[in-house]
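Asker: Below you'll find the structure I mean.
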Amino acid sequence: MGQSNNAVLELQAKTPFFSAPFKMYGNLRKYKELLKHFIFRDLKVRYHNSFIGYGWSVLEPLALTITFYILFAILSDSVDPYRPLTILLGILSWSLFARTLSTGTVGLQRNSSLIKRVYFPRELFLFSKCGYQIVQVALSLLVIIPLLWKYELIPTIKIIYLPIAMILIAMFALGIAFFTSILQTKARDIEHMVSIGTRISFYLSPVFYPLDMITGGRIPQQYADTYLLVNPMATYITMVRSAFTGEPLGIPIENLAFTIITTIILFWLGSIYFLRNERQAVKNL
Amino acid sequence: MNKNTAIIIENLALDYPRNKKGVGMLREFLTGRFRKKKPEEHMFRALNNVNLEIKKGEVVGIMGPNGSGKSTLLRVIAGIYAPDKGSIKVKGKTTLLAGIGTGFQQDLTGRENIKLTGSIYGFTQKEITKMEEQIIDFSGIRDFIDDPIRTFSAGMRARLGFAIISNLEPDILLLDEVMSVGDHEFRKKSRARIDELVKGDATVVIVSHSKSIMESLCDKAYGITNGEIVTDGDLESAFEFYESEKE
């Protein structure tokens with residue numbers, strides 16, 4: 001792709017440091033067709049030989065939403081006017097994060113036979129999984145239309161939170177996956193650690209309950225602040241909800257800024273680590 | 001780099017990590033990080049001090065016993081592994097043919113797999129569409145091309161795989177023992193196709209154990225053992241070396 005007959009491929013390329021994310025961006029642009037192919041492949045494979053096809057990407061979050069809705073109706077006395085919407089958006093945002101992270105972590109290891117036979121930038125394995133999850137979430141988001149209609153919610157300017165939060169969630173998940181995917185080639189333990197870690201943080205993040213249940217006065221204010229700082233997903237899920245309900249975020253602006261900046265730094269450091277180590281890591285495969 | 005040179009390799013060395021498994025790895029992780037280790041303890045030098053210059057259009061064979069570093073050398077040329085020492089320059093698009101059906105997706109149809117494999121090897125949508133009919137004709141399985149390839153027999157899959165990669169036409173072709181797939185008829189056809197590719201403009205590097213293939217195709221051949229190139233490119237001396245290694 002793009003290599004003309006006279007292009008000289010030098011295999012002693014310097015490992016980029018600060019420019020790592022830009023180098024990745026350049027690679028993605030250069031190989032965008034392959035990226036598209038990988039995403040479509042995953043979509044096709046998923047819907048081949050199934051009767052409902054697309055329906056499954058809607059049914060799964062719906063079923064989970066109904067379960068949590070019933071659970072909460074029994075267990076909790078909190079009054080959340082948009083409860084089904086809250087739960088559904090939480091689950092969709094979370095699945096973007098968790099699936100990008102888990103499939104990204106094994107992205108290099110599971111593709112070892114391909115990696116050993118043909119060269120293309122290896123970050124494609126991670127970005128293609130992320131792109132696939134974004135497409136999935138976008139498709140699943142269609143089911144909230146009836147809910148919006150029921151609550152008579154008309155999207156306001158706040159809808160801009162949705163793409164911003166989605167990109168930040170993807171960056172956060174990829175930022176971690178850059179590290180774990182390299183480490184996974186050395187030790188298969190990483191995949192299990194990631195899977196346990198995501199499951200625990202599923203309950204610790206406001207996925208099936210509103211953020212208000214944690215920060216709304218049940219615990220002392222300084223703990224609530226710390227919680228927001230160490231759990232970026234709490235902020236991003238709340239942003240996605242706010243995009244549709246139009247309610248205020250309820251997060252101090254300095255906390256919000258801190259969360260976004262740390263996510264960007266994590267992504268940046270991750271991309272440096274990935275590009276500096278993938279050449280050695282693929283030898284472990 | 002000279003205009004007529006396709007590949008230039010200077011003082012190249014490549015190490016594989018040797019990781020301990022299981023408890024050993026944990027122990028190493030917990031204790032070893034703070035102790036300085038000799039490199040040979042956790043590294044295996046797969047290629048050592050390799051110097052090679054291959055001209056445009058040349059057909060070069062690499063011979064050597066198992067584990068001598070032949071496939072690793074091809075992977076370095078294909079850009080899969082970066083050298084740990086020395087340098088390598090490659091001019092043009094390389095395709096490594098090693099094993100058939102790289103990147104095949106069992107649940108997709110033959111046609112979809114042609115597109116996928118083509119893009120994996122770096123070809124654009126337009127180029128692939130142009131090659132598609134030719135590939136299907138060559139594979140000889142037109143009747144089944146729109147079925148998922150998990151329903152194919154192993155031979156059919158191999159035919160399709162060979163048909164795809166042999167029709168890609170790169171500038172530099174790296175062949176790693178892929179001469180024999182399918183039934184007798186198809187084998188003859190694929191051998192003819194290899195001959196055709198080799199005789200074309202492409203620069204070719206072949207790894208093989210077969211003296212007859214080397215003799216009929218190659219301009220030059222190198223013997224390789226323990227990661228070092230030990231002969232000077234002369235066909236006869238490479239064969240002599242290979243015979244002596246057998247004993």
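Residues are named by chain letter and number: chains run A, B, ... in the order of the structure tokens, numbers start at 1 in each chain, and ligands are numbered from 1 in the order shown.
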Could you make a table, as a Markdown table, of the residues of chain B that have an atom within 7 Å of an atom of chain A, each with its nearest atom pair and distance in Å to one decimal, counting only C-alpha atoms, in chain and number order?
Answerer:
| residue | atom | partner | partner_atom | distance |
| --- | --- | --- | --- | --- |
| B:Tyr16 | CA | A:Lys283 | CA | 6.1 |
| B:Pro17 | CA | A:Asn284 | CA | 6.7 |
| B:Ala78 | CA | A:Tyr119 | CA | 6.9 |
| B:Gly79 | CA | A:Tyr119 | CA | 6.0 |
| B:Ile80 | CA | A:Tyr119 | CA | 5.2 |
| B:Tyr81 | CA | A:Arg279 | CA | 6.3 |
| B:Ala82 | CA | A:Leu11 | CA | 6.1 |
| B:Ser87 | CA | A:Gln12 | CA | 6.1 |
| B:Ile88 | CA | A:Leu11 | CA | 5.9 |
| B:Lys89 | CA | A:Glu10 | CA | 4.9 |
| B:Val90 | CA | A:Leu9 | CA | 5.1 |
| B:Lys91 | CA | A:Val8 | CA | 4.4 |
| B:Gly92 | CA | A:Asn5 | CA | 4.8 |
| B:Lys93 | CA | A:Gln3 | CA | 6.4 |
| B:Leu96 | CA | A:Arg117 | CA | 6.4 |
| B:Ala98 | CA | A:Arg117 | CA | 6.6 |
| B:Thr102 | CA | A:Leu114 | CA | 6.0 |
| B:Gly103 | CA | A:Leu114 | CA | 5.8 |
| B:Asp107 | CA | A:Val45 | CA | 6.0 |
| B:Leu108 | CA | A:Val45 | CA | 6.7 |
| B:Leu116 | CA | A:His37 | CA | 6.4 |
| B:Ser119 | CA | A:Leu34 | CA | 5.5 |
| B:Ile120 | CA | A:Leu34 | CA | 6.3 |
| B:Tyr121 | CA | A:Val118 | CA | 6.8 |
| B:Gly122 | CA | A:Met1 | CA | 4.6 |
| B:Phe123 | CA | A:Met1 | CA | 5.8 |
| B:Thr124 | CA | A:Met1 | CA | 6.9 |
Asker: Can you tell me, as number ranges by chain, what residues are no more than 10 Å from Phe239 (chain B) when counting only C-alpha atoms, ignoring any on the same chain fewer than 2 positions away?
Answerer: B: 63-64, 211, 214-215, 221-223, 231, 234-237, 241-245
Asker: How would the residues just picked look written out with N, CA and C atoms as a tab-separated table (two decimals), in the first residue's frame?
Answerer:
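Ended up saving to part_3.tsv:
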chain	number	residue	atom	x	y	z
B	63	MET	N	19.75	-22.36	1.54
B	63	MET	CA	19.67	-23.76	1.97
B	63	MET	C	20.29	-23.91	3.34
B	64	GLY	N	19.75	-24.84	4.09
B	64	GLY	CA	20.32	-25.09	5.41
B	64	GLY	C	19.46	-26.04	6.20
B	211	LYS	N	16.97	-29.80	-3.91
B	211	LYS	CA	18.09	-29.44	-4.77
B	211	LYS	C	17.61	-29.16	-6.20
B	214	MET	N	16.16	-25.68	-6.57
B	214	MET	CA	17.25	-24.72	-6.55
B	214	MET	C	17.97	-24.68	-7.90
B	215	GLU	N	18.27	-25.88	-8.39
B	215	GLU	CA	19.04	-25.98	-9.62
B	215	GLU	C	18.32	-25.34	-10.79
B	221	ALA	N	22.91	-19.37	-4.74
B	221	ALA	CA	22.38	-20.03	-3.55
B	221	ALA	C	23.38	-19.86	-2.41
B	222	TYR	N	22.83	-19.69	-1.22
B	222	TYR	CA	23.68	-19.54	-0.05
B	222	TYR	C	23.37	-20.65	0.94
B	223	GLY	N	24.41	-21.15	1.60
B	223	GLY	CA	24.21	-22.10	2.68
B	223	GLY	C	24.17	-21.36	4.00
B	231	THR	N	28.43	-19.88	2.74
B	231	THR	CA	28.98	-20.02	1.40
B	231	THR	C	28.87	-18.70	0.66
B	234	ASP	N	27.79	-19.27	-4.73
B	234	ASP	CA	27.94	-20.21	-5.82
B	234	ASP	C	27.01	-21.40	-5.59
B	235	LEU	N	26.26	-21.81	-6.64
B	235	LEU	CA	25.28	-22.89	-6.50
B	235	LEU	C	25.94	-24.18	-6.01
B	236	GLU	N	27.05	-24.57	-6.69
B	236	GLU	CA	27.70	-25.84	-6.38
B	236	GLU	C	28.18	-25.92	-4.94
B	237	SER	N	28.76	-24.82	-4.47
B	237	SER	CA	29.30	-24.86	-3.11
B	237	SER	C	28.17	-24.90	-2.08
B	241	PHE	N	27.79	-27.86	0.61
B	241	PHE	CA	27.60	-27.55	2.03
B	241	PHE	C	26.37	-28.30	2.57
B	242	TYR	N	25.31	-28.27	1.78
B	242	TYR	CA	24.06	-28.88	2.24
B	242	TYR	C	24.22	-30.39	2.40
B	243	GLU	N	24.92	-31.00	1.45
B	243	GLU	CA	25.18	-32.45	1.54
B	243	GLU	C	26.00	-32.76	2.79
B	244	SER	N	27.01	-31.95	3.06
B	244	SER	CA	27.88	-32.21	4.20
B	244	SER	C	27.13	-32.03	5.51
B	245	GLU	N	26.14	-31.10	5.53
B	245	GLU	CA	25.35	-30.90	6.73
B	245	GLU	C	24.47	-32.10	7.03
Asker: Hey, can you check how far CA of Tyr69 (chain A) sits from CA of Lys158 (chain A)?
Answerer: 25.3 Å
Asker: Please report, as a PDB file with C-alpha atoms, in the first residue's frame, each residue of region 125-229 of chain B to which DSSP assigns helix (DSSP H, G or I) when run on this structure's backbone.
Answerer:
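Output saved as states.pdb:
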ATOM      1  CA  GLN B 125      -9.658  -2.409  -3.551  1.00  0.00           C
ATOM      2  CA  LYS B 126      -9.199  -1.555  -7.214  1.00  0.00           C
ATOM      3  CA  GLU B 127      -6.174  -3.790  -7.664  1.00  0.00           C
ATOM      4  CA  ILE B 128      -7.959  -6.669  -5.949  1.00  0.00           C
ATOM      5  CA  THR B 129     -11.079  -6.370  -8.094  1.00  0.00           C
ATOM      6  CA  LYS B 130      -8.846  -6.521 -11.128  1.00  0.00           C
ATOM      7  CA  MET B 131      -7.164  -9.710  -9.918  1.00  0.00           C
ATOM      8  CA  GLU B 132     -10.269 -11.409  -8.591  1.00  0.00           C
ATOM      9  CA  GLU B 133     -11.392 -13.241 -11.748  1.00  0.00           C
ATOM     10  CA  GLN B 134      -7.861 -14.361 -12.494  1.00  0.00           C
ATOM     11  CA  ILE B 135      -7.534 -15.786  -8.985  1.00  0.00           C
ATOM     12  CA  ILE B 136     -10.846 -17.633  -9.184  1.00  0.00           C
ATOM     13  CA  ASP B 137      -9.917 -19.099 -12.567  1.00  0.00           C
ATOM     14  CA  PHE B 138      -6.552 -20.243 -11.313  1.00  0.00           C
ATOM     15  CA  SER B 139      -7.954 -21.852  -8.170  1.00  0.00           C
ATOM     16  CA  ARG B 142     -15.438 -21.293  -9.249  1.00  0.00           C
ATOM     17  CA  ASP B 143     -18.553 -23.324  -8.344  1.00  0.00           C
ATOM     18  CA  PHE B 144     -17.868 -22.953  -4.637  1.00  0.00           C
ATOM     19  CA  ILE B 149     -14.600 -21.600   3.231  1.00  0.00           C
ATOM     20  CA  ARG B 150     -15.206 -23.661   6.340  1.00  0.00           C
ATOM     21  CA  THR B 151     -17.183 -25.915   3.978  1.00  0.00           C
ATOM     22  CA  ALA B 154      -8.314 -28.824   2.963  1.00  0.00           C
ATOM     23  CA  GLY B 155      -7.154 -29.168  -0.633  1.00  0.00           C
ATOM     24  CA  MET B 156      -9.616 -26.573  -1.898  1.00  0.00           C
ATOM     25  CA  ARG B 157      -8.552 -24.144   0.795  1.00  0.00           C
ATOM     26  CA  ALA B 158      -4.919 -24.650  -0.152  1.00  0.00           C
ATOM     27  CA  ARG B 159      -5.744 -24.104  -3.822  1.00  0.00           C
ATOM     28  CA  LEU B 160      -7.499 -20.838  -3.083  1.00  0.00           C
ATOM     29  CA  GLY B 161      -4.694 -19.707  -0.794  1.00  0.00           C
ATOM     30  CA  PHE B 162      -2.058 -20.422  -3.384  1.00  0.00           C
ATOM     31  CA  ALA B 163      -4.129 -18.832  -6.135  1.00  0.00           C
ATOM     32  CA  ILE B 164      -4.425 -15.608  -4.157  1.00  0.00           C
ATOM     33  CA  ILE B 165      -0.842 -15.139  -3.082  1.00  0.00           C
ATOM     34  CA  SER B 166       0.670 -16.272  -6.353  1.00  0.00           C
ATOM     35  CA  HIS B 184      -1.069 -33.757  -8.765  1.00  0.00           C
ATOM     36  CA  GLU B 185      -2.763 -31.640 -11.410  1.00  0.00           C
ATOM     37  CA  PHE B 186      -2.791 -28.510  -9.281  1.00  0.00           C
ATOM     38  CA  ARG B 187       0.760 -29.092  -8.122  1.00  0.00           C
ATOM     39  CA  LYS B 188       1.922 -29.069 -11.714  1.00  0.00           C
ATOM     40  CA  LYS B 189      -0.010 -25.892 -12.314  1.00  0.00           C
ATOM     41  CA  SER B 190       1.392 -24.181  -9.229  1.00  0.00           C
ATOM     42  CA  ARG B 191       4.930 -25.224 -10.056  1.00  0.00           C
ATOM     43  CA  ALA B 192       4.436 -23.679 -13.494  1.00  0.00           C
ATOM     44  CA  ARG B 193       3.114 -20.525 -11.858  1.00  0.00           C
ATOM     45  CA  ILE B 194       6.152 -20.318  -9.566  1.00  0.00           C
ATOM     46  CA  ASP B 195       8.422 -20.725 -12.582  1.00  0.00           C
ATOM     47  CA  GLU B 196       6.519 -17.950 -14.303  1.00  0.00           C
ATOM     48  CA  LEU B 197       6.868 -15.628 -11.310  1.00  0.00           C
ATOM     49  CA  VAL B 198      10.526 -16.422 -10.914  1.00  0.00           C
ATOM     50  CA  LYS B 199      11.227 -15.796 -14.581  1.00  0.00           C
ATOM     51  CA  LYS B 211      18.095 -29.436  -4.775  1.00  0.00           C
ATOM     52  CA  SER B 212      16.164 -29.780  -8.024  1.00  0.00           C
ATOM     53  CA  ILE B 213      14.120 -26.632  -7.365  1.00  0.00           C
ATOM     54  CA  MET B 214      17.254 -24.716  -6.553  1.00  0.00           C
ATOM     55  CA  GLU B 215      19.041 -25.980  -9.619  1.00  0.00           C
ATOM     56  CA  SER B 216      16.263 -25.147 -12.038  1.00  0.00           C
ATOM     57  CA  LEU B 217      15.280 -21.759 -10.618  1.00  0.00           C
TER      58      LEU B 217
END
Asker: Need to verify the contact set: region 240-257 of chain A, 7 Å, only C-alpha atoms, exclusion of same-chain residues closer than 2 positions in sequence. Can you return it as a PyMOL selection string?
Answerer: chain A and resi 86+89+153+155-156+158-162+165+229+236-238+259-261
Asker: Between A:Ile196, A:Ala234, A:Leu126, A:Ile264, single out the one closest to Pro210 (chain A), counting only C-alpha atoms.
Answerer: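 Closest to Pro210 (chain A) of all the choices is A:Ala234.
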Asker: Just give me the gap between CA of Ala13 (chain B) and CA of Asn49 (chain B) in Å, one decimal is fine.
Answerer: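 Computed distance, CA of Ala13 (chain B) to CA of Asn49 (chain B), equals 5.6 Å.
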Asker: From the options B:Ile141, B:Gln105, B:Leu52, B:Val230, which residue's atoms come nearest to Ser68 (chain B), counting only C-alpha atoms?
Answerer: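 Checking each candidate against Ser68 (chain B), we get B:Val230 as the closest.
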Asker: Name all residues at most 7 Å from Arg111 (chain B) (count only C-alpha atoms; drop same-chain ones fewer than 4 positions away) and give them as a PDB file with C-alpha atoms, in the first residue's frame.
Answerer:
ATOM      1  CA  LYS B 115     -10.644  -9.388  -0.803  1.00  0.00           C
ATOM      2  CA  ILE B 145     -16.380 -19.490  -4.497  1.00  0.00           C
ATOM      3  CA  ASP B 146     -19.471 -17.977  -2.844  1.00  0.00           C
TER       4      ASP B 146
END
